[in-house]
file run-v3.csv (CSV, C-alpha atoms)
chain,number,residue,atom,x,y,z
A,23,MET,CA,-1.5,-13.9,2.0
A,24,THR,CA,-0.4,-12.2,-1.2
A,25,THR,CA,-3.3,-13.7,-3.1
A,26,ILE,CA,-5.8,-12.4,-0.6
A,27,ALA,CA,-4.2,-8.9,-0.6
A,28,PHE,CA,-4.3,-8.9,-4.4
A,29,SER,CA,-7.9,-10.0,-4.4
A,30,ALA,CA,-8.9,-7.4,-1.9
A,31,LEU,CA,-7.2,-4.7,-4.0
A,32,ALA,CA,-9.0,-6.0,-7.2
A,33,GLU,CA,-12.3,-5.9,-5.3
A,34,ALA,CA,-11.6,-2.4,-4.0
A,35,VAL,CA,-10.9,-1.2,-7.5
A,36,THR,CA,-14.1,-2.9,-8.7
A,37,LEU,CA,-16.2,-1.2,-6.0
A,38,THR,CA,-14.5,2.2,-6.7
A,39,THR,CA,-15.3,1.8,-10.4
A,40,LEU,CA,-18.9,0.8,-9.7
A,41,SER,CA,-19.4,3.8,-7.4
A,42,TYR,CA,-17.8,6.1,-10.1
A,43,LEU,CA,-20.1,4.7,-12.8
A,44,ILE,CA,-23.2,5.1,-10.7
A,45,ARG,CA,-22.2,8.6,-9.8
A,46,GLU,CA,-21.6,9.5,-13.4
A,47,MET,CA,-25.0,7.9,-14.4
A,48,MET,CA,-26.8,10.1,-11.8
A,49,ASP,CA,-24.8,13.3,-12.2
A,50,ARG,CA,-24.1,13.4,-15.9
A,51,PRO,CA,-26.3,10.8,-17.7
A,52,ALA,CA,-25.8,12.3,-21.1
A,53,ASP,CA,-22.0,12.0,-20.8
A,54,VAL,CA,-21.9,8.2,-20.3
A,55,SER,CA,-22.7,6.0,-23.3
A,56,GLY,CA,-24.4,2.7,-23.2
A,57,ARG,CA,-21.4,1.0,-24.7
A,58,GLN,CA,-19.1,2.5,-22.0
A,59,LEU,CA,-21.5,1.3,-19.2
A,60,PHE,CA,-21.9,-2.1,-20.7
A,61,THR,CA,-18.2,-2.8,-21.2
A,62,SER,CA,-17.4,-1.4,-17.7
A,63,SER,CA,-20.1,-3.6,-16.1
A,64,ILE,CA,-18.8,-6.7,-17.8
A,65,ALA,CA,-15.2,-5.9,-16.6
A,66,ALA,CA,-16.5,-5.2,-13.1
A,67,TRP,CA,-18.5,-8.5,-13.0
A,68,VAL,CA,-15.6,-10.6,-14.3
A,69,THR,CA,-13.2,-9.0,-11.9
A,70,ASN,CA,-15.6,-9.7,-9.0
A,71,VAL,CA,-15.8,-13.4,-10.0
A,72,LEU,CA,-12.1,-13.8,-10.3
A,73,ALA,CA,-11.2,-12.0,-7.1
A,74,PHE,CA,-13.7,-14.0,-5.0
A,75,SER,CA,-12.7,-17.3,-6.6
A,76,LEU,CA,-9.1,-16.7,-5.6
A,77,VAL,CA,-10.2,-15.8,-2.0
A,78,TYR,CA,-12.3,-18.9,-1.8
A,79,TRP,CA,-9.5,-21.1,-3.1
A,80,ARG,CA,-7.0,-19.5,-0.7
A,81,ILE,CA,-9.1,-19.8,2.5
A,82,ASP,CA,-10.9,-23.1,2.2
A,83,ARG,CA,-9.5,-25.9,4.4
A,84,GLY,CA,-6.4,-23.7,5.2
A,85,GLY,CA,-5.5,-23.1,1.6
A,86,PRO,CA,-4.1,-25.1,-1.3
A,87,GLU,CA,-1.0,-26.3,0.5
A,88,ALA,CA,-3.0,-27.6,3.5
A,89,ARG,CA,-5.5,-29.3,1.2
A,90,ALA,CA,-2.6,-31.0,-0.8
A,91,ASN,CA,-1.0,-32.2,2.5
A,92,ASN,CA,-4.4,-33.3,3.9
A,93,ALA,CA,-3.8,-31.1,7.0
A,94,GLY,CA,-7.3,-31.8,8.2
A,95,ALA,CA,-8.5,-28.2,8.4
A,96,LYS,CA,-12.2,-27.7,8.6
A,97,PRO,CA,-13.8,-27.0,5.2
A,98,ASP,CA,-15.5,-23.6,4.4
A,99,TRP,CA,-17.5,-25.3,1.6
A,100,LEU,CA,-19.1,-28.7,1.4
A,101,PHE,CA,-18.5,-30.1,-2.1
A,102,PRO,CA,-20.8,-32.8,-3.4
A,103,GLN,CA,-17.7,-35.1,-3.9
A,104,ALA,CA,-17.2,-35.0,-0.1
A,105,GLY,CA,-20.8,-35.9,0.5
A,106,VAL,CA,-20.7,-38.8,-2.0
A,107,PRO,CA,-17.1,-40.0,-1.9
A,108,GLU,CA,-17.8,-43.2,-3.9
A,109,ALA,CA,-18.8,-41.1,-6.9
A,110,ALA,CA,-15.6,-39.1,-6.9
A,111,PRO,CA,-12.1,-40.1,-7.8
A,112,PRO,CA,-10.2,-41.5,-4.8
A,113,ASP,CA,-7.7,-38.6,-4.7
A,114,TRP,CA,-10.3,-35.8,-5.4
A,115,ARG,CA,-9.8,-32.5,-3.8
A,116,PRO,CA,-11.1,-29.1,-4.8
A,117,MET,CA,-8.9,-27.2,-7.3
A,118,VAL,CA,-9.0,-23.6,-8.6
A,119,VAL,CA,-11.7,-24.4,-11.2
A,120,ASP,CA,-14.0,-25.6,-8.4
A,121,TYR,CA,-13.7,-22.3,-6.6
A,122,LEU,CA,-14.1,-20.4,-9.9
A,123,PHE,CA,-17.4,-22.3,-10.4
A,124,ILE,CA,-18.6,-21.3,-6.9
A,125,ALA,CA,-17.8,-17.7,-7.5
A,126,PHE,CA,-19.3,-17.7,-11.0
A,127,VAL,CA,-22.6,-19.2,-9.8
A,128,ALA,CA,-22.8,-16.9,-6.8
A,129,ALA,CA,-22.3,-13.9,-9.1
A,130,ALA,CA,-24.7,-15.1,-11.8
A,131,ALA,CA,-27.5,-16.7,-9.7
A,132,PHE,CA,-27.0,-14.8,-6.4
A,133,SER,CA,-27.0,-18.1,-4.5
A,134,PRO,CA,-24.6,-20.8,-3.6
A,135,ALA,CA,-23.5,-23.3,-6.2
A,136,ASP,CA,-23.4,-27.1,-5.7
A,137,ALA,CA,-20.9,-26.5,-2.9
A,138,LEU,CA,-22.6,-25.2,0.2
A,139,PRO,CA,-21.0,-22.6,2.4
A,140,LEU,CA,-20.5,-24.1,5.9
A,141,THR,CA,-18.7,-21.3,7.8
A,142,ARG,CA,-19.9,-17.8,8.6
A,143,ARG,CA,-17.0,-16.3,6.7
A,144,ALA,CA,-17.9,-18.4,3.6
A,145,LYS,CA,-21.5,-17.2,3.9
A,146,LEU,CA,-20.5,-13.6,4.4
A,147,LEU,CA,-18.1,-13.7,1.5
A,148,THR,CA,-20.7,-15.2,-0.8
A,149,MET,CA,-23.2,-12.5,0.3
A,150,VAL,CA,-20.7,-9.7,-0.5
A,151,GLU,CA,-19.9,-11.2,-3.8
A,152,SER,CA,-23.5,-11.6,-4.8
A,153,SER,CA,-24.3,-8.0,-3.6
A,154,VAL,CA,-21.5,-6.6,-5.8
A,155,SER,CA,-22.7,-8.6,-8.7
A,156,LEU,CA,-26.3,-7.6,-8.1
A,157,ALA,CA,-25.3,-3.9,-8.1
A,158,THR,CA,-23.3,-4.4,-11.2
A,159,LEU,CA,-26.1,-6.1,-13.1
A,160,VAL,CA,-29.1,-4.3,-11.9
A,161,VAL,CA,-27.8,-0.7,-11.8
A,162,VAL,CA,-25.0,-0.4,-14.3
A,163,ALA,CA,-25.7,-3.2,-16.9
A,164,SER,CA,-29.5,-2.5,-17.0
A,165,ARG,CA,-28.9,1.2,-17.6
A,166,ALA,CA,-26.4,0.3,-20.3
A,167,ILE,CA,-28.9,-2.0,-22.0
A,168,GLY,CA,-31.5,0.8,-21.8
A,169,LEU,CA,-29.2,3.3,-23.4
A,170,LEU,CA,-28.3,0.8,-26.1
A,171,GLY,CA,-31.9,0.2,-26.9
A,172,VAL,CA,-31.4,-3.6,-26.9
call {"tool": "encode", "arguments": {"input": "run-v3.csv", "output": "structure tokens"}}
result
Amino acid sequence: MTTIAFSALAEAVTLTTLSYLIREMMDRPADVSGRQLFTSSIAAWVTNVLAFSLVYWRIDRGGPEARANNAGAKPDWLFPQAGVPEAAPPDWRPMVVDYLFIAFVAAAAFSPADALPLTRRAKLLTMVESSVSLATLVVVASRAIGLLGV
């Protein structure tokens, strides 16, 4: 529960930062440099990916403890290794890096990775993560690149 609370707090700070940056861009465009916007957008994007990867890791199949104990909880994501078990190591189960990959791809490509979201909560979380990433890249990072003249 602590991990989810920490991730929610990190995401709330990210959303607050993004709304502040967008307000500053609109209200006082001359006061915000391209470098400030660019570095802020990178920090917001990375925080978004890390926060969601922790949430995904924490909720899928009842969490890491339940997965380690083979508690049999229903999966939120279908990993390719589960679909083709003969191609995976016999004791394979998703680890933190697998959820980091899901979060990274959702934030970079605005779509699911190789692991498909199965539950409504997984689909909604992926949509929220992609939306935050889209706002970060389209609004803030694109303005920063425009100001930098890159």
call {"tool": "residues_near_point", "arguments": {"input": "run-v3.csv", "point": "(-17.1, -12.7, -1.7)", "cutoff": "8 Å", "atoms": "all atoms listed in the file", "output": "ChimeraX atom specification"}}
result
/A:74,77-78,125,144,146-152
call {"tool": "closest_residue", "arguments": {"input": "run-v3.csv", "among": "A:Phe126, A:Trp67, A:Phe28, A:Trp99", "to": "Gly84 in chain A", "atoms": "only C-alpha atoms"}}
result
A:Trp99
call {"tool": "residues_around", "arguments": {"input": "run-v3.csv", "residues": "Gly56 in chain A", "least_positions_apart": "2", "cutoff": "9 Å", "atoms": "all atoms listed in the file", "output": "ChimeraX atom specification"}}
result
/A:54,58-61,163,165-171
call {"tool": "residues_near_point", "arguments": {"input": "run-v3.csv", "point": "(-24.2, -28.7, -1.6)", "cutoff": "6 Å", "atoms": "all atoms listed in the file", "output": "number ranges by chain"}}
result
A: 100-102, 136-138
call {"tool": "closest_residue", "arguments": {"input": "run-v3.csv", "among": "A:Met23, A:Met48, A:Ala93, A:Leu156", "to": "Trp79 in chain A", "atoms": "only C-alpha atoms"}}
result
A:Met23
call {"tool": "closest_residue", "arguments": {"input": "run-v3.csv", "among": "A:Thr141, A:Ser29, A:Ser164, A:Ser63", "to": "Pro97 in chain A", "atoms": "all atoms listed in the file"}}
result
A:Thr141
call {"tool": "residues_around", "arguments": {"input": "run-v3.csv", "residues": "Met117 in chain A", "least_positions_apart": "5", "cutoff": "10 Å", "atoms": "all atoms listed in the file", "output": "ChimeraX atom specification"}}
result
/A:79,86,89-90,122
call {"tool": "closest_residue", "arguments": {"input": "run-v3.csv", "among": "A:Ala73, A:Ala135, A:Ala128, A:Gly94", "to": "Ala34 in chain A", "atoms": "all atoms listed in the file"}}
result
A:Ala73
call {"tool": "atom_distance", "arguments": {"input": "run-v3.csv", "atom1": "CA of Leu76 in chain A", "atom2": "CA of Phe123 in chain A"}}
result
11.1 Å
call {"tool": "closest_residue", "arguments": {"input": "run-v3.csv", "among": "A:Arg83, A:Arg57, A:Asn70, A:Ala52", "to": "Val127 in chain A", "atoms": "only C-alpha atoms"}}
result
A:Asn70
call {"tool": "atom_distance", "arguments": {"input": "run-v3.csv", "atom1": "CA of Asp98 in chain A", "atom2": "CA of Gly85 in chain A"}}
result
10.4 Å
call {"tool": "closest_residue", "arguments": {"input": "run-v3.csv", "among": "A:Ser75, A:Asn92, A:Thr39, A:Thr25", "to": "Ile124 in chain A", "atoms": "only C-alpha atoms"}}
result
A:Ser75
call {"tool": "atom_distance", "arguments": {"input": "run-v3.csv", "atom1": "CA of Val68 in chain A", "atom2": "CA of Asp49 in chain A"}}
result
25.7 Å
